[in-house]
$ cat target16.txt   # compact mmCIF, C-alpha atoms
# COMPACT_ATOMS: atom_id res chain seq x y z
CA MET A 5 -83.05 108.13 142.75
CA LYS A 6 -86.77 108.24 141.94
CA LEU A 7 -87.74 106.86 138.54
CA ALA A 8 -91.23 106.87 137.05
CA ILE A 9 -91.87 104.35 134.27
CA LEU A 10 -94.62 105.15 131.76
CA ILE A 11 -96.28 102.45 129.64
CA THR A 12 -98.56 103.56 126.82
CA GLY A 13 -100.94 101.78 124.49
CA GLU A 14 -101.42 98.04 124.19
CA LEU A 15 -99.89 95.79 126.83
CA ARG A 16 -98.38 93.04 124.71
CA PHE A 17 -96.99 89.97 126.44
CA LYS A 18 -96.07 86.77 124.67
CA ASP A 19 -96.80 84.47 127.60
CA ARG A 20 -96.72 84.32 131.39
CA SER A 21 -92.92 84.03 131.45
CA HIS A 22 -92.62 87.27 129.47
CA PHE A 23 -95.12 89.00 131.76
CA GLU A 24 -93.37 87.88 134.95
CA SER A 25 -89.98 88.89 133.58
CA PHE A 26 -91.25 92.38 132.76
CA LYS A 27 -92.98 92.68 136.13
CA LYS A 28 -89.73 91.80 137.89
CA LYS A 29 -87.81 94.37 135.86
CA VAL A 30 -90.08 97.28 136.84
CA ARG A 31 -90.92 96.23 140.41
CA ASP A 32 -88.46 98.64 142.09
CA HIS A 33 -89.97 101.67 140.39
CA ASP A 34 -93.37 103.32 140.19
CA VAL A 35 -95.27 102.44 137.03
CA PHE A 36 -97.91 104.58 135.30
CA ILE A 37 -100.03 103.01 132.56
CA SER A 38 -102.51 104.27 129.96
CA THR A 39 -104.10 101.44 128.00
CA TYR A 40 -107.40 99.77 127.05
CA GLU A 41 -110.18 97.95 128.86
CA LYS A 42 -108.98 94.50 127.81
CA SER A 43 -105.70 95.05 129.71
CA LYS A 44 -107.17 96.15 133.05
CA GLY A 45 -106.21 92.88 134.76
CA LEU A 46 -102.59 93.21 133.65
CA CYS A 47 -102.57 96.84 134.82
CA GLU A 48 -103.68 95.86 138.31
CA GLU A 49 -100.78 93.40 138.54
CA LEU A 50 -98.23 96.02 137.49
CA SER A 51 -99.44 99.21 139.16
CA ASP A 52 -102.23 101.04 140.94
CA LYS A 53 -101.60 104.10 138.77
CA TYR A 54 -103.37 103.51 135.50
CA ILE A 55 -105.90 104.98 133.08
CA ILE A 56 -108.27 102.74 131.15
CA HIS A 57 -109.69 103.85 127.79
CA PRO A 58 -112.33 102.16 125.62
CA ALA A 59 -111.01 100.25 122.62
CA ASP A 60 -112.66 102.78 120.28
CA VAL A 61 -111.43 105.84 122.17
CA ASP A 62 -111.81 109.12 120.27
CA CYS A 63 -108.45 110.89 120.39
CA GLY A 64 -109.65 113.89 118.41
CA ILE A 65 -107.93 112.99 115.13
CA ASP A 66 -109.67 111.65 112.06
CA MET A 67 -107.64 108.62 111.01
CA SER A 68 -110.24 107.22 108.63
CA PRO A 69 -108.58 108.30 105.34
CA ARG A 70 -106.88 105.24 103.88
CA GLY A 71 -103.11 105.41 104.20
CA CYS A 72 -103.01 108.57 106.34
CA VAL A 73 -100.87 106.71 108.92
CA ARG A 74 -99.09 103.36 108.83
CA THR A 75 -100.80 102.18 112.01
CA VAL A 76 -103.43 103.78 114.23
CA GLY A 77 -101.49 102.62 117.28
CA ALA A 78 -98.52 104.73 116.24
CA VAL A 79 -100.69 107.81 116.76
CA LEU A 80 -102.57 106.58 119.82
CA GLN A 81 -99.34 105.97 121.73
CA TRP A 82 -99.00 109.76 121.95
CA PHE A 83 -102.61 110.14 123.05
CA HIS A 84 -101.87 107.71 125.89
CA LEU A 85 -98.66 109.52 126.87
CA ASP A 86 -100.55 112.81 126.86
CA SER A 87 -103.25 111.24 129.02
CA LEU A 88 -100.70 110.14 131.62
CA ILE A 89 -98.96 113.51 131.77
CA LYS A 90 -102.18 115.47 132.02
CA ASN A 91 -103.65 113.21 134.73
CA TYR A 92 -100.51 112.61 136.80
CA LYS A 93 -98.40 115.71 136.12
CA ASP A 94 -98.15 116.91 139.73
CA GLU A 95 -97.24 113.44 140.94
CA LEU A 96 -94.75 112.85 138.12
CA LEU A 97 -92.93 116.08 138.96
CA GLU A 98 -91.93 114.50 142.27
CA TYR A 99 -89.66 112.04 140.41
CA ASP A 100 -86.10 112.65 139.29
CA TYR A 101 -86.42 110.88 135.95
CA ILE A 102 -89.09 109.56 133.60
CA LEU A 103 -88.66 106.51 131.36
CA LYS A 104 -91.21 105.65 128.67
CA VAL A 105 -91.20 101.97 127.65
CA ARG A 106 -93.12 99.35 125.68
CA THR A 107 -93.92 95.87 126.92
CA ASP A 108 -93.03 94.16 123.62
CA VAL A 109 -89.40 95.23 123.81
CA ASP A 110 -86.54 93.03 124.98
CA PHE A 111 -84.40 94.80 127.61
CA PHE A 112 -80.94 93.29 127.85
CA ASP A 113 -80.13 95.03 131.13
CA ALA A 114 -81.28 93.47 134.39
CA ASP A 115 -81.75 96.85 136.07
CA PHE A 116 -82.72 100.29 134.76
CA ALA A 117 -81.15 102.26 137.63
CA PRO A 118 -77.50 102.39 136.45
CA HIS A 119 -78.57 104.20 133.30
CA PHE A 120 -79.85 107.21 135.20
CA ASN A 121 -76.61 108.49 136.69
CA ASN A 122 -75.58 112.01 135.67
CA LEU A 123 -78.10 112.63 132.91
CA ASP A 124 -77.58 115.98 131.21
CA ASP A 125 -80.19 118.71 131.57
CA LYS A 126 -82.44 119.49 128.63
CA THR A 127 -81.42 116.22 126.96
CA LEU A 128 -83.52 113.31 125.71
CA TYR A 129 -81.95 109.85 125.63
CA ALA A 130 -83.66 107.84 122.91
CA SER A 131 -84.05 104.42 121.41
CA THR A 132 -86.25 106.06 118.77
CA ASP A 133 -89.82 106.48 120.00
CA LEU A 134 -89.86 102.96 121.45
CA VAL A 135 -87.99 103.75 124.66
CA PHE A 136 -86.80 107.17 125.80
CA TYR A 137 -86.02 108.98 129.02
CA SER A 138 -84.76 112.22 130.53
CA ARG A 139 -84.83 114.28 133.66
CA THR A 140 -88.43 114.83 134.67
CA LYS A 141 -88.62 118.57 134.05
CA HIS A 142 -87.39 118.19 130.49
CA PHE A 143 -89.66 115.21 129.83
CA ILE A 144 -92.78 117.08 130.96
CA GLN A 145 -91.82 120.25 129.09
CA THR A 146 -91.16 118.30 125.91
CA PHE A 147 -94.04 115.82 125.84
CA GLY A 148 -96.67 117.68 127.84
CA CYS A 149 -97.64 119.51 124.66
CA PHE A 150 -96.66 116.92 122.05
CA PHE A 151 -100.05 115.40 121.31
CA ASP A 152 -101.70 118.82 121.05
CA LYS A 153 -98.97 119.78 118.59
CA ILE A 154 -99.55 116.58 116.59
CA LYS A 155 -103.20 117.54 116.19
CA ASN A 156 -102.66 121.22 115.48
CA TYR A 157 -99.26 121.40 113.75
CA TYR A 158 -97.52 118.17 112.72
CA TRP A 159 -100.58 116.48 111.25
CA GLY A 160 -100.61 116.74 107.47
CA LYS A 161 -97.02 118.00 107.24
CA CYS A 162 -94.87 114.89 107.00
CA ALA A 163 -93.73 115.86 103.48
CA ASP A 164 -93.15 119.52 104.41
CA TYR A 165 -90.16 121.26 105.91
CA ILE A 166 -90.69 122.10 109.56
CA PRO A 167 -88.10 124.52 111.01
CA LEU A 168 -85.41 122.78 113.06
CA ASN A 169 -83.36 124.01 115.99
CA TYR A 170 -79.91 123.64 114.45
CA HIS A 171 -78.18 124.75 117.65
CA HIS A 172 -79.66 121.75 119.45
CA ILE A 173 -78.74 119.43 116.59
CA LEU A 174 -75.13 120.68 116.57
CA HIS A 175 -74.79 120.01 120.28
CA SER A 176 -76.47 116.61 120.26
CA ASP A 177 -74.63 113.29 120.32
CA ASP A 178 -71.92 113.17 117.61
CA ASN A 179 -72.61 109.48 117.18
CA LEU A 180 -76.38 109.74 117.30
CA ALA A 181 -77.77 106.58 115.76
CA ASP A 182 -80.57 106.24 113.24
CA THR A 183 -81.78 102.66 113.58
CA GLN A 184 -85.07 101.06 114.51
CA THR A 185 -83.98 100.64 118.12
CA ARG A 186 -81.41 103.39 118.82
CA GLY A 187 -81.19 107.14 118.45
CA VAL A 188 -83.76 109.06 116.39
CA ARG A 189 -84.84 108.67 112.77
CA VAL A 190 -82.91 111.51 111.13
CA PHE A 191 -83.56 109.83 107.77
CA ARG A 192 -87.22 110.78 108.15
CA LEU A 193 -86.54 114.51 108.29
CA VAL A 194 -87.30 116.89 105.47
CA MET A 195 -84.26 119.18 105.35
CA PRO A 196 -82.80 121.95 103.20
CA GLU A 197 -81.07 120.57 100.13
CA VAL A 198 -77.70 121.89 101.28
CA LEU A 199 -77.68 119.26 104.06
CA ILE A 200 -78.65 116.20 102.09
CA ALA A 201 -78.02 116.64 98.34
CA LYS A 202 -74.52 115.15 98.29
CA ARG A 203 -75.38 112.38 100.73
CA LYS A 204 -78.54 111.49 98.83
CA ASN A 205 -76.51 111.01 95.66
CA LEU A 206 -74.40 108.53 97.62
CA GLY A 207 -77.47 106.57 98.63
CA GLY A 208 -78.17 107.95 102.12
CA LEU A 209 -77.27 110.47 104.79
CA GLY A 210 -74.60 108.28 106.31
CA PRO A 211 -73.66 108.67 109.99
CA PHE A 212 -75.17 111.63 111.82
CA ARG A 213 -71.68 113.09 112.30
CA PHE A 214 -71.49 113.71 108.53
CA ILE A 215 -74.36 116.20 108.75
CA LYS A 216 -72.92 118.24 111.60
CA PRO A 217 -70.08 119.88 109.59
CA LEU A 218 -72.63 120.87 106.93
CA ILE A 219 -74.83 122.45 109.58
CA LYS A 220 -71.85 124.28 111.07
CA ASP A 221 -70.69 125.58 107.68
CA ASN A 222 -74.19 126.75 106.75
CA TYR A 223 -75.47 127.70 110.19
CA ASP A 224 -76.35 131.33 109.46
CA PHE A 225 -78.12 130.39 106.25
CA LEU A 226 -80.09 127.62 107.98
CA CYS A 227 -81.26 129.95 110.74
CA LYS A 228 -82.46 132.44 108.13
CA PHE A 229 -84.00 129.60 106.12
CA ASN A 230 -86.09 128.66 109.16
CA HIS A 231 -87.64 132.13 109.18
CA SER A 232 -88.00 132.65 105.45
CA TYR A 233 -88.98 129.26 104.03
CA ASP A 234 -92.45 129.28 102.50
CA PRO A 235 -93.53 126.14 100.65
CA GLU A 236 -96.27 128.11 98.91
CA ALA A 237 -93.97 130.83 97.58
CA SER A 238 -92.52 130.68 94.10
CA LEU A 239 -88.79 131.23 94.35
CA LEU A 240 -88.65 131.39 90.58
CA SER A 241 -91.05 134.33 90.41
CA ILE A 242 -89.11 136.07 93.17
CA ASN A 243 -85.89 135.52 91.26
CA LYS A 244 -87.45 136.87 88.06
CA SER A 245 -88.48 140.01 89.88
CA ILE A 246 -84.98 140.44 91.32
CA VAL A 247 -83.34 139.84 87.93
CA SER A 248 -85.69 142.26 86.21
CA ASN A 249 -84.94 144.99 88.76
CA ILE A 250 -81.18 144.48 88.50
CA LEU A 251 -81.25 144.56 84.71
CA GLY A 252 -83.38 147.70 84.84
CA ASP A 253 -80.82 149.39 87.07
CA PHE A 254 -78.23 148.83 84.35
CA GLY A 255 -80.58 149.76 81.53
CA LEU A 256 -80.44 146.25 80.08
CA SER A 257 -83.99 145.04 80.68
CA SER A 258 -84.96 145.47 77.04
CA GLU A 259 -81.89 143.66 75.73
CA VAL A 260 -82.04 140.47 77.83
CA ASN A 261 -84.64 137.72 78.09
CA THR A 262 -85.41 138.25 81.76
CA ASP A 263 -87.41 135.06 82.17
CA ALA A 264 -84.72 132.87 80.63
CA LEU A 265 -81.95 134.45 82.69
CA ALA A 266 -83.99 134.23 85.90
CA THR A 267 -84.69 130.55 85.23
CA LYS A 268 -80.98 129.85 84.76
CA ILE A 269 -80.15 131.66 87.98
CA ALA A 270 -82.90 129.86 89.88
CA GLU A 271 -81.65 126.49 88.66
CA ALA A 272 -78.10 127.37 89.69
CA LEU A 273 -79.00 128.55 93.16
CA PRO A 274 -78.25 126.06 95.95
CA TYR A 275 -80.57 125.61 98.89
CA LYS A 276 -83.69 126.52 96.94
CA HIS A 277 -85.41 123.24 97.74
CA VAL A 278 -86.04 120.91 100.62
CA ASP A 279 -85.89 117.15 100.35
CA SER A 280 -85.76 113.95 102.36
CA ILE A 281 -83.95 110.65 102.06
CA THR A 282 -87.11 108.73 102.91
CA GLY A 283 -90.13 109.39 100.74
CA PHE A 284 -93.71 109.30 101.99
CA THR A 285 -96.58 107.51 100.32
CA ASP A 286 -99.39 109.50 98.76
CA GLY A 287 -102.04 110.32 101.31
CA MET A 288 -99.80 109.91 104.35
CA LEU A 289 -100.59 112.63 106.86
CA PHE A 290 -98.41 111.74 109.81
CA ALA A 291 -95.10 109.94 110.36
CA PRO A 292 -94.62 109.40 114.13
CA GLU A 293 -90.87 108.74 114.09
CA GLN A 294 -90.34 111.91 112.06
CA ALA A 295 -92.47 114.08 114.37
CA PHE A 296 -90.73 112.58 117.42
CA CYS A 297 -87.33 113.45 115.94
CA ILE A 298 -88.34 117.04 115.09
CA HIS A 299 -89.93 117.57 118.49
CA ALA A 300 -86.95 116.13 120.35
CA PHE A 301 -84.46 118.40 118.56
CA ASN A 302 -86.65 121.48 118.82
CA ASN A 303 -87.03 121.08 122.57
CA GLY A 304 -83.48 120.16 123.54
CA TYR A 305 -80.48 117.96 122.86
CA VAL A 306 -80.64 114.29 121.87
CA ARG A 307 -78.32 111.46 122.82
CA ASN A 308 -78.40 107.72 122.27
CA SER A 309 -80.11 105.75 125.00
CA SER A 310 -77.66 103.54 126.89
CA LEU A 311 -80.39 100.94 127.37
CA LYS A 312 -79.81 98.08 124.97
CA ILE A 313 -83.12 96.92 123.51
CA ASP A 314 -84.63 94.96 120.66
CA LEU A 315 -88.17 94.61 119.35
CA MET A 316 -89.60 91.19 119.99
CA ARG A 317 -90.54 89.13 116.96
CA GLY A 318 -94.20 88.32 116.44
CA ARG A 319 -95.23 91.06 118.86
CA GLN A 320 -98.39 91.89 116.90
CA ASN A 321 -99.70 88.44 117.86
CA PHE A 322 -98.96 88.65 121.59
CA LYS A 323 -102.30 88.06 123.31
CA PHE A 324 -101.40 86.88 126.82
CA LYS A 325 -104.07 87.35 129.53
CA LEU A 326 -103.78 86.52 133.22
CA SER A 327 -106.34 83.78 132.77
CA ASP A 328 -104.02 81.93 130.35

$ encode --input "target16.txt" --output "structure tokens"
Amino acid sequence: MKLAILITGELRFKDRSHFESFKKKVRDHDVFISTYEKSKGLCEELSDKYIIHPADVDCGIDMSPRGCVRTVGAVLQWFHLDSLIKNYKDELLEYDYILKVRTDVDFFDADFAPHFNNLDDKTLYASTDLVFYSRTKHFIQTFGCFFDKIKNYYWGKCADYIPLNYHHILHSDDNLADTQTRGVRVFRLVMPEVLIAKRKNLGGLGPFRFIKPLIKDNYDFLCKFNHSYDPEASLLSINKSIVSNILGDFGLSSEVNTDALATKIAEALPYKHVDSITGFTDGMLFAPEQAFCIHAFNNGYVRNSSLKIDLMRGRQNFKFKLSD
């Protein structure tokens, strides 16, 4: 079993003990790193396969507008992943599996290897966007284009509906989690009202398995919705036109207030809107966990990672250097 481990972005270690523990955990596998100049010494201790970027690297996205993203690093992690795939693609394809990790995550398992037995094809195993893995072919196909798609498609659309592959969602893990450290953030998705209206009134989507029956019952509609949804179109004006034509067919157009009737019909129609459980602040242009979730579903099936992890407290202040 050949496993490639990818590390992207800042290399955060609390102290030497943390660094040595992480080094021991990855030592039986090949490690690929994309990070910054200040971490070159750490890179050399962990791997000979690394890419060093300047601290002010230009990733091709203007992140200067205030509030457009929660953190710049949340965007740059995908730039770093893209950098690794583009530079090492041929070499990475020689591995059976790829695992993307962070250094400021606690791994409760002593060894990664047991988690890579009998992985399904075309399936991503996720602990949100913190740690995720799959068979190599699927990983490259899914994330080889992700950063380009962030720049050219996902950016500026976090409050919009982006068509979802409902077949993939239906056949993903029934118990798919939606927590900070497991599964994917389904709560971040903008979805047709038919999937979330009732759950939103109850204060949240609830377990992922509650959404699946709704998708199954409305599958044909949702597939058509993917092709017909236009956030710029006025459904009300369309409905008025339809109502006017129908009334005209029955010779009633002069006897009925078409606008009033069309408005009533539009208000009564289900599925006419999209919504999300989690709102987005004004000016936000990109939500990384949301884009990761959409991209994962649209490129394959998603299952919970079997790796038990937790984010380390105080990680933003980890500044360990080899000279310490």

$ residues_around --input "target16.txt" --residues "stretch 54-67 of chain A" --least-positions-apart "5" --cutoff "10 Å" --atoms "all atoms listed in the file" --output "PyMOL selection string"
chain A and resi 10-14+35-44+47-48+72-73+75-76+79-80+82-84+87-88+91-92+151-152+154-156+159+289-290

$ atom_distance --input "target16.txt" --atom1 "atom CA of A:Ala163" --atom2 "atom CA of A:Phe301"
17.9 Å

$ residues_around --input "target16.txt" --residues "A:Asn230" --least-positions-apart "2" --cutoff "10 Å" --atoms "all atoms listed in the file" --output "PyMOL selection string"
chain A and resi 165-170+196+225-228+232-234

$ atom_distance --input "target16.txt" --atom1 "atom CA of A:Arg16" --atom2 "atom CA of A:Thr107"
5.7 Å

$ atom_distance --input "target16.txt" --atom1 "atom CA of A:Ser138" --atom2 "atom CA of A:Leu96"
12.6 Å

$ residues_around --input "target16.txt" --residues "A:Ile144" --least-positions-apart "4" --cutoff "10 Å" --atoms "all atoms listed in the file" --output "number ranges by chain"
A: 86, 89-90, 93, 96-97, 102, 138-140, 148-150

$ residues_around --input "target16.txt" --residues "A:Ala300" --least-positions-apart "3" --cutoff "9 Å" --atoms "only C-alpha atoms" --output "list in words"
Thr127, Leu128, Thr146, Phe147, Val188, Ala295, Phe296, Cys297, Asn303, Gly304, Tyr305 and Val306 of chain A

$ closest_residue --input "target16.txt" --among "A:Ile313, A:Met288, A:Leu103, A:Ile9" --to "A:Ser68" --atoms "only C-alpha atoms"
A:Met288

$ closest_residue --input "target16.txt" --among "A:Glu197, A:Glu24, A:Asp182, A:Asp32" --to "A:Asp133" --atoms "all atoms listed in the file"
A:Asp182

$ build_atoms --input "target16.txt" --residues "stretch 180-191 of chain A" --atoms "N, CA and C atoms" --output "PDB file, keeping the file's coordinate frame"
ATOM      1  N   LEU A 180     -74.959 110.033 117.221  1.00  0.00           N
ATOM      2  CA  LEU A 180     -76.380 109.740 117.300  1.00  0.00           C
ATOM      3  C   LEU A 180     -76.770 108.727 116.233  1.00  0.00           C
ATOM      4  N   ALA A 181     -77.407 107.654 116.678  1.00  0.00           N
ATOM      5  CA  ALA A 181     -77.770 106.580 115.760  1.00  0.00           C
ATOM      6  C   ALA A 181     -79.081 106.887 115.045  1.00  0.00           C
ATOM      7  N   ASP A 182     -79.315 106.161 113.969  1.00  0.00           N
ATOM      8  CA  ASP A 182     -80.570 106.240 113.240  1.00  0.00           C
ATOM      9  C   ASP A 182     -80.955 104.821 112.834  1.00  0.00           C
ATOM     10  N   THR A 183     -81.360 104.032 113.828  1.00  0.00           N
ATOM     11  CA  THR A 183     -81.780 102.660 113.580  1.00  0.00           C
ATOM     12  C   THR A 183     -83.159 102.458 114.185  1.00  0.00           C
ATOM     13  N   GLN A 184     -83.726 101.318 113.982  1.00  0.00           N
ATOM     14  CA  GLN A 184     -85.070 101.060 114.510  1.00  0.00           C
ATOM     15  C   GLN A 184     -85.102 101.071 116.027  1.00  0.00           C
ATOM     16  N   THR A 185     -83.974 100.788 116.670  1.00  0.00           N
ATOM     17  CA  THR A 185     -83.980 100.640 118.120  1.00  0.00           C
ATOM     18  C   THR A 185     -82.961 101.536 118.835  1.00  0.00           C
ATOM     19  N   ARG A 186     -82.382 102.520 118.149  1.00  0.00           N
ATOM     20  CA  ARG A 186     -81.410 103.390 118.820  1.00  0.00           C
ATOM     21  C   ARG A 186     -81.364 104.748 118.141  1.00  0.00           C
ATOM     22  N   GLY A 187     -81.284 105.796 118.978  1.00  0.00           N
ATOM     23  CA  GLY A 187     -81.190 107.140 118.450  1.00  0.00           C
ATOM     24  C   GLY A 187     -82.546 107.661 117.995  1.00  0.00           C
ATOM     25  N   VAL A 188     -82.529 108.529 116.980  1.00  0.00           N
ATOM     26  CA  VAL A 188     -83.760 109.060 116.390  1.00  0.00           C
ATOM     27  C   VAL A 188     -83.667 108.927 114.873  1.00  0.00           C
ATOM     28  N   ARG A 189     -84.819 108.946 114.198  1.00  0.00           N
ATOM     29  CA  ARG A 189     -84.840 108.670 112.770  1.00  0.00           C
ATOM     30  C   ARG A 189     -84.581 109.931 111.944  1.00  0.00           C
ATOM     31  N   VAL A 190     -83.310 110.335 111.897  1.00  0.00           N
ATOM     32  CA  VAL A 190     -82.910 111.510 111.130  1.00  0.00           C
ATOM     33  C   VAL A 190     -83.248 111.331 109.649  1.00  0.00           C
ATOM     34  N   PHE A 191     -83.215 110.093 109.166  1.00  0.00           N
ATOM     35  CA  PHE A 191     -83.560 109.830 107.770  1.00  0.00           C
ATOM     36  C   PHE A 191     -84.962 110.300 107.426  1.00  0.00           C
TER      37      PHE A 191
END
